[in-house]
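Reviewing the structure listed below.
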Amino acid sequence: MIKEKKSLKGKLPSRRKFFKAAAATGVAAVAASSLAAPAVAADRVEAAMVATWPRDFPGLGTGAQRLAKRLSDMSDGRIQVTYYAANERVKAFDSFDEVASGNSQMYHGADYYWVKKHPAFGYFTASPFGFTYSEINAWIHFGGGQELWDELTDDFGTQSFIAGNTGVQMGGWFNKKIRSANDLKGLKMRMPGLGGQVLGKLGGSPISLPGGQIYENLVSGAIDATEWVGPWNDEAMKFHEAAKYYYYPGMHEPGSMLACGVNKSWFTSLSKTDQTIIKTACAWADEITMSEYNAKNGAALARLINDHGVKLEKFNDKVYDAFAKGAQEVYDEVQQHSDLAARVHKAFVKARKEIGSWTNLSDSPYISQRNRALGL
Ligand code: CA
């Protein structure tokens, strides 16, 4: 009952639940509130976090679960986050509405799943020919990206923070070689976000499916091809049982930023300290998730090739040039959507050029020279 009284400050998981609980306890709640020595800390925060990932899925699911636990650890248990994997409270793709409505307080997912609500969401996970992990973090934290992201989510009553990254994703799993754009024509391929729209421009049929449904659709032949993440995650999905050729690099998701979205009115009702704890935990989740992907992808790729007979293939320049042309068509359309979409695109292009001018002569040439000289 004490807890219910505290929820008047907006700290209970669900307003709906609060009204129900308040009605049930009625006068007793008021009477109890006047008693001394509450057993629950006055600034206790309870929140429900829904997610777009299956429970315990490596990196994505475990990363989100780790974030939920971290929030409790950082606050000595004062912040309690109840985590719900996909389908445990709502379906994966209903996570955004669940939080926007205030029924849950937080989600962990990828904001490009919401491109049908606004195409600019695509820029805040990964966009075709877009940023790598270090580039998108530079843009979000120091290049005006977070401000644009805030402007976008504000219309929906949410706010999003970086809370993970998968790094450069693989191009996908195919049952035939992709030698030219012609080989993509008529191809039914799971590929969400703006990347999927690029495939559509090249005559393919992009399909958006949550992670938990891809394998069955690939095995049954309902889809011809799929992308998902990279070796560590794709091995867990067992795509090698249904497709032979594994292509790289993926133009569609060069550094997919995962997001923790919060209900904004709930979030702003919290103390500045709790807001800082949540934002800091999200930044930690970003770094630790990326580290785990980088630590595990190499060994997983070797297993796929050596133990499962997967054929590793690289998209040739001709296919990449076709992707680039398709991407330009998609971006031309996105900019027509609204003033905000045009501004986000303009900022993205500017940052890609500025930040990319540095990464182009720092990370890539160094790794290439190091591995060449040492024969790695
Ligand atoms: Ca993907």
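Ordering of the structure tokens sets the chain letters (A, B, ...), residue numbers begin anew at 1 in every chain, and ligands are numbered from 1 in the order given.
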Report task. Write out as a PyMOL selection string the residues lying within 12 Å of A:Glu287, counting only C-alpha atoms and excluding same-chain residues fewer than 3 positions away. Result -> chain A and resi 59+63+67+133-134+137+162-167+257-258+280-284+290-294
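By only C-alpha atoms, and with residues fewer than 5 positions from stretch 339-343 of chain A along its chain excluded, the set lying at most 7 Å from it is Pro119, Ala120 and Val334 of chain A.
Residues in contact with A:Gly196 at up to 10 Å, not including ones fewer than 3 positions away on its chain and judged by only C-alpha atoms, are A:Ser127, A:Pro128, A:Met189, A:Arg190, A:Met191, A:Pro192, A:Gly193, A:Leu199, A:Gly200, A:Lys201, A:Gly204, A:Ser205, A:Pro206, A:Ile207, A:Ser208, A:Glu227, A:His252, A:Ala327, A:Val330.
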Requested in this report: Give the residue list for ligand 1 at 10 Å, counting only C-alpha atoms and all ligand atoms, as an MDAnalysis selection string, sorted by chain and then by residue number.
Outcome: chainID A and resid 110 125:126 166 168:172 190:193 195:196 211 226:230 234 250 252:256
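For A:Glu147, the non-local neighbours within 12 Å, defined as residues at least 3 positions apart in the same chain or in other chains and counting only C-alpha atoms, are Phe124, Trp139, Ile140, His141, Phe142, Gly143, Gly144, Asp150, Glu151, Leu152, Thr153, Asp154, Gln159, Ser160, Phe161, Leu340, Arg343, Val344 and Ala347 of chain A.
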Expected file contents, prior selection, all heavy atoms, as a compact mmCIF listing (two decimals), in the first residue's frame:
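And here is the file that came out, out-v3.txt:
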```txt
# COMPACT_ATOMS: atom_id res chain seq x y z
N PHE A 124 18.39 5.98 -36.89
CA PHE A 124 18.79 5.83 -35.50
C PHE A 124 18.95 4.36 -35.07
O PHE A 124 18.90 4.05 -33.89
CB PHE A 124 17.83 6.59 -34.59
CG PHE A 124 17.87 8.07 -34.87
CD1 PHE A 124 16.89 8.67 -35.65
CD2 PHE A 124 18.93 8.84 -34.43
CE1 PHE A 124 16.95 10.02 -35.96
CE2 PHE A 124 19.02 10.19 -34.73
CZ PHE A 124 18.03 10.78 -35.50
N TRP A 139 28.40 10.65 -33.87
CA TRP A 139 27.28 11.50 -34.34
C TRP A 139 26.25 11.73 -33.22
O TRP A 139 25.83 12.85 -32.98
CB TRP A 139 26.60 10.84 -35.55
CG TRP A 139 25.49 11.65 -36.14
CD1 TRP A 139 25.55 12.97 -36.50
CD2 TRP A 139 24.15 11.22 -36.44
NE1 TRP A 139 24.33 13.38 -37.01
CE2 TRP A 139 23.46 12.31 -36.99
CE3 TRP A 139 23.48 10.00 -36.31
CZ2 TRP A 139 22.12 12.24 -37.40
CZ3 TRP A 139 22.16 9.92 -36.73
CH2 TRP A 139 21.49 11.03 -37.27
N ILE A 140 25.88 10.64 -32.55
CA ILE A 140 24.84 10.76 -31.51
C ILE A 140 25.34 11.63 -30.34
O ILE A 140 24.65 12.53 -29.87
CB ILE A 140 24.41 9.37 -31.00
CG1 ILE A 140 23.74 8.57 -32.12
CG2 ILE A 140 23.49 9.50 -29.78
CD1 ILE A 140 22.43 9.10 -32.62
N HIS A 141 26.55 11.35 -29.88
CA HIS A 141 27.04 12.04 -28.67
C HIS A 141 27.59 13.44 -28.94
O HIS A 141 27.46 14.32 -28.10
CB HIS A 141 28.14 11.20 -28.00
CG HIS A 141 27.63 9.94 -27.37
ND1 HIS A 141 26.59 9.91 -26.47
CD2 HIS A 141 28.02 8.65 -27.51
CE1 HIS A 141 26.36 8.66 -26.08
NE2 HIS A 141 27.20 7.88 -26.70
N PHE A 142 28.22 13.63 -30.10
CA PHE A 142 28.90 14.91 -30.31
C PHE A 142 28.55 15.60 -31.63
O PHE A 142 29.07 16.68 -31.90
CB PHE A 142 30.43 14.71 -30.25
CG PHE A 142 30.93 14.38 -28.87
CD1 PHE A 142 31.21 13.08 -28.51
CD2 PHE A 142 31.08 15.39 -27.92
CE1 PHE A 142 31.66 12.78 -27.23
CE2 PHE A 142 31.53 15.10 -26.63
CZ PHE A 142 31.82 13.79 -26.29
N GLY A 143 27.70 15.00 -32.43
CA GLY A 143 27.42 15.59 -33.74
C GLY A 143 25.98 16.06 -33.92
O GLY A 143 25.54 16.29 -35.05
N GLY A 144 25.23 16.16 -32.82
CA GLY A 144 23.84 16.64 -32.93
C GLY A 144 22.84 15.51 -33.16
O GLY A 144 21.63 15.77 -33.29
N ASP A 150 15.87 12.98 -30.26
CA ASP A 150 14.92 13.47 -29.25
C ASP A 150 13.72 14.15 -29.91
O ASP A 150 12.57 13.98 -29.49
CB ASP A 150 15.59 14.47 -28.30
CG ASP A 150 16.60 13.80 -27.37
OD1 ASP A 150 16.61 12.57 -27.29
OD2 ASP A 150 17.37 14.55 -26.73
N GLU A 151 14.01 14.93 -30.94
CA GLU A 151 12.94 15.65 -31.64
C GLU A 151 11.97 14.65 -32.29
O GLU A 151 10.76 14.82 -32.25
CB GLU A 151 13.56 16.57 -32.69
CG GLU A 151 12.57 17.55 -33.28
CD GLU A 151 13.20 18.50 -34.29
OE1 GLU A 151 14.44 18.68 -34.27
OE2 GLU A 151 12.45 19.05 -35.11
N LEU A 152 12.55 13.60 -32.85
CA LEU A 152 11.74 12.57 -33.51
C LEU A 152 10.86 11.83 -32.51
O LEU A 152 9.65 11.66 -32.71
CB LEU A 152 12.68 11.58 -34.23
CG LEU A 152 12.06 10.31 -34.80
CD1 LEU A 152 11.04 10.63 -35.89
CD2 LEU A 152 13.15 9.40 -35.36
N THR A 153 11.45 11.38 -31.40
CA THR A 153 10.70 10.57 -30.44
C THR A 153 9.72 11.40 -29.62
O THR A 153 8.72 10.87 -29.14
CB THR A 153 11.67 9.83 -29.48
OG1 THR A 153 12.56 10.79 -28.89
CG2 THR A 153 12.48 8.78 -30.22
N ASP A 154 10.00 12.68 -29.50
CA ASP A 154 9.15 13.55 -28.69
C ASP A 154 7.69 13.54 -29.17
O ASP A 154 6.76 13.59 -28.37
CB ASP A 154 9.71 14.98 -28.71
CG ASP A 154 9.19 15.79 -27.54
OD1 ASP A 154 9.20 15.25 -26.42
OD2 ASP A 154 8.72 16.92 -27.75
N GLN A 159 11.52 8.70 -25.41
CA GLN A 159 12.88 9.17 -25.64
C GLN A 159 13.77 7.93 -25.74
O GLN A 159 13.53 6.94 -25.05
CB GLN A 159 13.36 10.08 -24.51
CG GLN A 159 14.69 10.76 -24.84
CD GLN A 159 15.08 11.84 -23.83
OE1 GLN A 159 14.46 11.97 -22.78
NE2 GLN A 159 16.11 12.61 -24.16
N SER A 160 14.77 8.00 -26.62
CA SER A 160 15.63 6.83 -26.84
C SER A 160 17.08 7.15 -26.52
O SER A 160 17.55 8.26 -26.79
CB SER A 160 15.54 6.37 -28.30
OG SER A 160 14.28 5.78 -28.57
N PHE A 161 17.76 6.16 -26.00
CA PHE A 161 19.20 6.28 -25.72
C PHE A 161 19.93 5.09 -26.34
O PHE A 161 19.38 3.99 -26.43
CB PHE A 161 19.45 6.29 -24.21
CG PHE A 161 18.66 7.34 -23.48
CD1 PHE A 161 17.64 6.98 -22.61
CD2 PHE A 161 18.92 8.69 -23.69
CE1 PHE A 161 16.89 7.95 -21.96
CE2 PHE A 161 18.17 9.67 -23.05
CZ PHE A 161 17.16 9.29 -22.18
N LEU A 340 11.28 17.21 -40.85
CA LEU A 340 12.19 16.54 -39.92
C LEU A 340 13.02 15.47 -40.63
O LEU A 340 14.23 15.37 -40.42
CB LEU A 340 11.40 15.92 -38.76
CG LEU A 340 12.24 15.16 -37.72
CD1 LEU A 340 13.30 16.04 -37.09
CD2 LEU A 340 11.33 14.55 -36.64
N ARG A 343 15.74 17.13 -42.53
CA ARG A 343 16.80 17.65 -41.66
C ARG A 343 17.68 16.52 -41.11
O ARG A 343 18.89 16.67 -41.00
CB ARG A 343 16.20 18.48 -40.53
CG ARG A 343 15.75 19.87 -41.01
CD ARG A 343 15.35 20.78 -39.89
NE ARG A 343 14.14 20.36 -39.22
CZ ARG A 343 14.06 19.98 -37.94
NH1 ARG A 343 15.15 19.98 -37.20
NH2 ARG A 343 12.91 19.64 -37.42
N VAL A 344 17.03 15.41 -40.75
CA VAL A 344 17.80 14.28 -40.24
C VAL A 344 18.73 13.77 -41.35
O VAL A 344 19.91 13.49 -41.12
CB VAL A 344 16.88 13.14 -39.74
CG1 VAL A 344 17.68 11.87 -39.45
CG2 VAL A 344 16.13 13.57 -38.48
N ALA A 347 21.68 16.15 -41.86
CA ALA A 347 22.65 16.03 -40.76
C ALA A 347 23.45 14.73 -40.89
O ALA A 347 24.66 14.71 -40.64
CB ALA A 347 21.91 16.07 -39.42
```
Query raised in the report: Between A:Tyr83, A:Tyr112, A:Tyr366, A:Phe96, which is the closest to A:Leu194 once you count only C-alpha atoms?
Result: A:Tyr112
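Summary of the local environment: counting only C-alpha atoms, residues at most 10 Å from A:Ala242, other than itself and those fewer than 5 positions away along its chain, are A:Trp173, A:Phe174, A:Asn175, A:Tyr215, A:Glu216, A:Asn217, A:Leu218, A:Val219, A:Ser220, A:Gly221, A:Asp224, A:Ala225.
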Query raised in the report: Which polymer residues have any atom within 9 Å of an atom of A:Phe348, counting only C-alpha atoms, with same-chain residues fewer than 2 positions away left out, as number ranges by chain?
Result: A: 123, 130-131, 139, 145, 343-346, 350-353
Query raised in the report: Which distance in Å separates atom CA of A:Thr273 and atom CA of A:Thr52, to one decimal?
Result: 27.5 Å
Query - A:Ser95 environment, 10 Å, only C-alpha atoms, sequence neighbours closer than 6 positions dropped, as a list in words - result: Met49, Val50, Ala51, Thr52, Ala85, Ala86, Asn87, Arg89, Ser104, Met106, Tyr107, His108, Gly109, Tyr113, Trp114 and Gly261 of chain A
Selection above as a file: C-alpha atoms, as an mmCIF file, in the first residue's frame:
```cif
data_model
loop_
_atom_site.group_PDB
_atom_site.id
_atom_site.type_symbol
_atom_site.label_atom_id
_atom_site.label_comp_id
_atom_site.auth_asym_id
_atom_site.auth_seq_id
_atom_site.Cartn_x
_atom_site.Cartn_y
_atom_site.Cartn_z
ATOM 1 C CA MET A 49 11.024 -3.223 -19.740
ATOM 2 C CA VAL A 50 9.700 -4.970 -22.835
ATOM 3 C CA ALA A 51 12.019 -6.079 -25.612
ATOM 4 C CA THR A 52 12.028 -7.016 -29.255
ATOM 5 C CA ALA A 85 11.425 -10.669 -23.643
ATOM 6 C CA ALA A 86 9.467 -10.662 -26.908
ATOM 7 C CA ASN A 87 5.987 -12.169 -26.499
ATOM 8 C CA ARG A 89 4.182 -9.160 -22.262
ATOM 9 C CA SER A 104 5.301 -0.168 -19.812
ATOM 10 C CA MET A 106 10.998 1.038 -21.125
ATOM 11 C CA TYR A 107 11.802 -1.030 -24.173
ATOM 12 C CA HIS A 108 15.004 -2.459 -25.527
ATOM 13 C CA GLY A 109 15.051 -2.856 -29.281
ATOM 14 C CA TYR A 113 11.661 -1.292 -36.469
ATOM 15 C CA TRP A 114 9.472 1.823 -36.268
ATOM 16 C CA GLY A 261 13.361 3.727 -25.253
#
```
Quick one: DSSP strand (DSSP E) residues in stretch 230-331 of chain A, as a compact mmCIF listing (two decimals) with N, CA, C and O atoms, in the first residue's frame?
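In the end it all went to out-v8.txt:
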```
# COMPACT_ATOMS: atom_id res chain seq x y z
N TYR A 245 25.35 -19.78 -48.82
CA TYR A 245 26.29 -18.68 -49.06
C TYR A 245 26.09 -17.56 -48.03
O TYR A 245 24.97 -17.10 -47.80
N TYR A 246 27.20 -17.14 -47.45
CA TYR A 246 27.15 -16.12 -46.40
C TYR A 246 27.95 -14.91 -46.90
O TYR A 246 29.17 -14.97 -47.01
N TYR A 247 27.21 -13.86 -47.21
CA TYR A 247 27.83 -12.70 -47.86
C TYR A 247 28.22 -11.59 -46.88
O TYR A 247 27.57 -11.39 -45.85
N TYR A 248 29.26 -10.85 -47.26
CA TYR A 248 29.70 -9.69 -46.49
C TYR A 248 30.22 -8.63 -47.45
O TYR A 248 30.53 -8.98 -48.58
N MET A 257 22.78 0.31 -34.11
CA MET A 257 22.69 0.86 -32.76
C MET A 257 21.40 0.36 -32.12
O MET A 257 20.32 0.55 -32.66
N LEU A 258 21.53 -0.28 -30.98
CA LEU A 258 20.35 -0.73 -30.24
C LEU A 258 19.92 0.40 -29.33
O LEU A 258 20.73 1.23 -28.93
N ALA A 259 18.63 0.41 -29.02
CA ALA A 259 18.11 1.53 -28.25
C ALA A 259 17.37 1.07 -27.00
O ALA A 259 16.73 0.02 -27.00
N CYS A 260 17.47 1.90 -25.97
CA CYS A 260 16.57 1.76 -24.83
C CYS A 260 15.62 2.95 -24.92
O CYS A 260 16.07 4.10 -24.84
N GLY A 261 14.36 2.67 -25.17
CA GLY A 261 13.36 3.73 -25.25
C GLY A 261 12.61 3.83 -23.94
O GLY A 261 12.34 2.81 -23.30
N VAL A 262 12.33 5.04 -23.53
CA VAL A 262 11.60 5.24 -22.28
C VAL A 262 10.34 6.06 -22.53
O VAL A 262 10.30 6.86 -23.46
N ASN A 263 9.34 5.82 -21.72
CA ASN A 263 8.16 6.70 -21.75
C ASN A 263 8.59 8.04 -21.19
O ASN A 263 9.08 8.11 -20.05
N LYS A 311 29.84 -21.24 -47.15
CA LYS A 311 30.70 -20.58 -48.15
C LYS A 311 30.67 -19.07 -47.91
O LYS A 311 29.61 -18.44 -48.05
N LEU A 312 31.81 -18.54 -47.57
CA LEU A 312 31.91 -17.10 -47.33
C LEU A 312 32.12 -16.37 -48.66
O LEU A 312 33.01 -16.75 -49.43
N GLU A 313 31.31 -15.37 -48.92
CA GLU A 313 31.40 -14.64 -50.19
C GLU A 313 31.38 -13.14 -49.92
O GLU A 313 30.72 -12.69 -48.98
N LYS A 314 32.07 -12.41 -50.80
CA LYS A 314 32.08 -10.94 -50.66
C LYS A 314 31.29 -10.34 -51.82
O LYS A 314 31.48 -10.73 -52.97
```
